[in-house]
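**Q** I'd like to ask some things about the structure below.
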Amino acid sequence: MDTKEIAQKIGSTFIIGFHGHEPSSDVKKFISENKIGGVILFDRNIQSPTQLGELTNSLQALLPDHSNGQQMFVSIDMEGGRVARLKAPFTQWPPMQILGEIGSAALGFKFAETMAKELLCVGINLDYSPCVDILTNEKNTVIGDRAFGNEPEIVSKMSSAVVRGFVKAGVLPCVKHFPGHGDTIADSHEELPVVEHDLDRLEKIEFVPFKKAFRARADLLMTAHIKLSKVDPEWPATLSSKILKDVLRKQLGYRNAIISDDMEMKAIFKNYPVEEAAIQATNAGCNMLLYCHTLEVQQRALDALVKAVVDKKIPMGVIDGNVEMVAKIKKNVLNPYKPVDVAAISKIVGHPEHMKLAKHILRKEVPADLAT
């Protein structure tokens with residue numbers, strides 16, 4: 001197998017970000033030549049709903065072979081509240097904390113299903129949501145109102161409902177941030193948080209909503225860039241085979257895909273060379289790697305992984321397994337690919353019924369048709 005074929009296999013497990021309302025020619029070349037598996041979109045990429053629909057169509061056209069369900073992941077952070085990349089006229093949803101305070105699983109399901117309609121109409125098929133962290137530390141502003149609450153039971157109930165709502169609509173949800181980011185003060189965007197909990201505590205608290213989400217058919221899980229010093233004193237979770245293989249896979253029985261949080265966040269980027277981090281994350285058990293910002297970093301990571309396979313530092317079987325897992329999700333979870341109907345976007349984005357549902361949630365009301 002030549003290096004180009006290896007690069008394309010590894011590329012299919014990458015999700016990358018770029019700057020501007022459309023990718024540069026270099027980014028387009030990187031995507032098409034390496035068959036990159038997906039992109040992540042931010043405010044910086046979005047001008048209007050129509051422009052966004054045209055952008056996602058052009059991104060999908062970079063990899064024109066959509067046979068057997070192999071479309072690109074077009075992903076976004078759209079949780080509600082302060083983590084909402086889609087601004088008005090898209091429906092503006094309250095933060096997860098309010099859904100948790102209401103505590104209605106039917107409402108959580110309807111919320112996700114409705115949000116998914118607006119995502120799909122502009123070509124977004126993967127949402128990094130729900131945040132299933134339990135807010136056990138009130139000083140944790142990184143998570144804060146992004147969490148459904150501070151009790152495992154309510155977070156589990158609402159997380160499961162949101163996962164099911166997204167899946168029903170054909171959007172892939174991603175539960176985050178394993179093994180739990182709820183009891184941290186440090187922001188992993190800036191530094192590496194250290195958590196002192198042992199496995200017994202994690203089993204009783206942090207892992208509970210993850211296990212419930214797995215049963216609700218969560219096909220994708222995002223790691224947290226945090227160090228569990230009593231579980232693995234050497235590596236943060238994203239780079240830890242003890243946490244991803246021994247705990248997540250063996251102990252908790254999770255069988256689906258694992259994606260890293262952004263490998264360019266400073267918790268990783270300041271502490272490990274790009275090349276080492278990419279290789280360590282892959283060997284530790286990450287099936288997909290997320291690079292949100294810089295083409296040069298994305299290229300370095302890809303090149304390092306190709307070299308690691310050639311040098312037998314990463315078994316080819318690991319890469320093949322990751323490729324197969326990504327392909328299976330695209331085939332089995334996503335709706336069959338068809339280009340966005342740009343003319344129909346305005347009829348769906350900010351629909352009065354969607355806005356009405358958002359207002360019900362903001363007022364902490366359960367609509368009559370969802371009351372049990």
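Letters A, B, ... go to the chains of the structure tokens in the order shown; residues in each chain start at 1; ligands are counted from 1 in the same order.
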So which residues touch region 133-138 of chain A within 6 Å, counting only C-alpha atoms, skipping near sequence neighbours fewer than 3 positions away, as a ChimeraX atom specification?
**A** /A:147,149-150,180-183
**Q** Write the residues of the selection above to a file with C-alpha atoms, as a PDB file, in the first residue's frame.
**A**
```pdb
ATOM      1  CA  ALA A 147     -24.909  21.008  31.599  1.00  0.00           C
ATOM      2  CA  GLY A 149     -27.743  19.808  35.931  1.00  0.00           C
ATOM      3  CA  ASN A 150     -25.755  18.529  38.889  1.00  0.00           C
ATOM      4  CA  GLY A 180     -16.541  14.057  32.445  1.00  0.00           C
ATOM      5  CA  HIS A 181     -15.655  17.765  32.495  1.00  0.00           C
ATOM      6  CA  GLY A 182     -18.133  18.794  35.187  1.00  0.00           C
ATOM      7  CA  ASP A 183     -15.787  19.055  38.174  1.00  0.00           C
TER       8      ASP A 183
END
```
**Q** Which region 271-292 of chain A residues have any atom within 8 Å of an atom of region 241-262 of chain A, and for each, what is the nearest pair of atoms with distance in Å to one decimal, counting only C-alpha atoms, rows sorted by chain and number, as CSV?
**A**
```
residue,atom,partner,partner_atom,distance
A:Ala281,CA,A:Ser260,CA,7.7
A:Asn283,CA,A:Ser241,CA,7.3
A:Ala284,CA,A:Ser241,CA,4.0
A:Gly285,CA,A:Leu244,CA,5.8
A:Cys286,CA,A:Ile258,CA,5.2
A:Asn287,CA,A:Ile258,CA,5.3
A:Met288,CA,A:Ile259,CA,4.5
A:Leu289,CA,A:Ser260,CA,5.2
A:Leu290,CA,A:Asp262,CA,4.9
A:Tyr291,CA,A:Asp262,CA,5.3
A:Cys292,CA,A:Asp262,CA,6.0
```
**Q** From region 8-141 of chain A, collect each residue whose DSSP state is strand (DSSP E or B) and return the set as a short mmCIF file (atom, residue, chain, number, x, y, z; two decimals) with C-alpha atoms, in the first residue's frame.
**A**
```
data_model
loop_
_atom_site.label_atom_id
_atom_site.label_comp_id
_atom_site.auth_asym_id
_atom_site.auth_seq_id
_atom_site.Cartn_x
_atom_site.Cartn_y
_atom_site.Cartn_z
CA PHE A 14 -10.11 13.56 10.23
CA ILE A 15 -12.54 16.42 10.81
CA ILE A 16 -11.01 19.81 10.07
CA GLY A 38 -15.52 15.93 7.52
CA VAL A 39 -15.42 19.59 8.41
CA ILE A 40 -16.41 21.60 11.47
CA LEU A 41 -18.07 24.98 11.00
CA PHE A 73 -19.50 14.90 8.02
CA VAL A 74 -20.50 18.56 8.13
CA SER A 75 -20.38 19.28 11.83
CA ILE A 76 -21.01 22.11 14.29
CA MET A 78 -24.89 23.75 18.40
CA GLU A 79 -25.98 23.12 21.96
CA GLY A 80 -28.20 26.08 22.78
CA VAL A 83 -22.68 27.56 22.55
CA ALA A 84 -24.65 28.29 19.40
CA LEU A 126 -23.27 16.05 12.88
CA ASP A 127 -23.78 18.08 16.06
CA CYS A 131 -22.98 17.95 26.74
#
```
**Q** Report the distance between CA of Pro89 (chain A) and CA of Val167 (chain A) in Å, rounded to one decimal place.
**A**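 So the two atoms, CA of Pro89 (chain A) and CA of Val167 (chain A), lie 24.2 Å apart.
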**Q** Could you please determine the separation between CA of Glu275 (chain A) and CA of Leu62 (chain A) in Å, to one decimal place?
**A** 26.4 Å
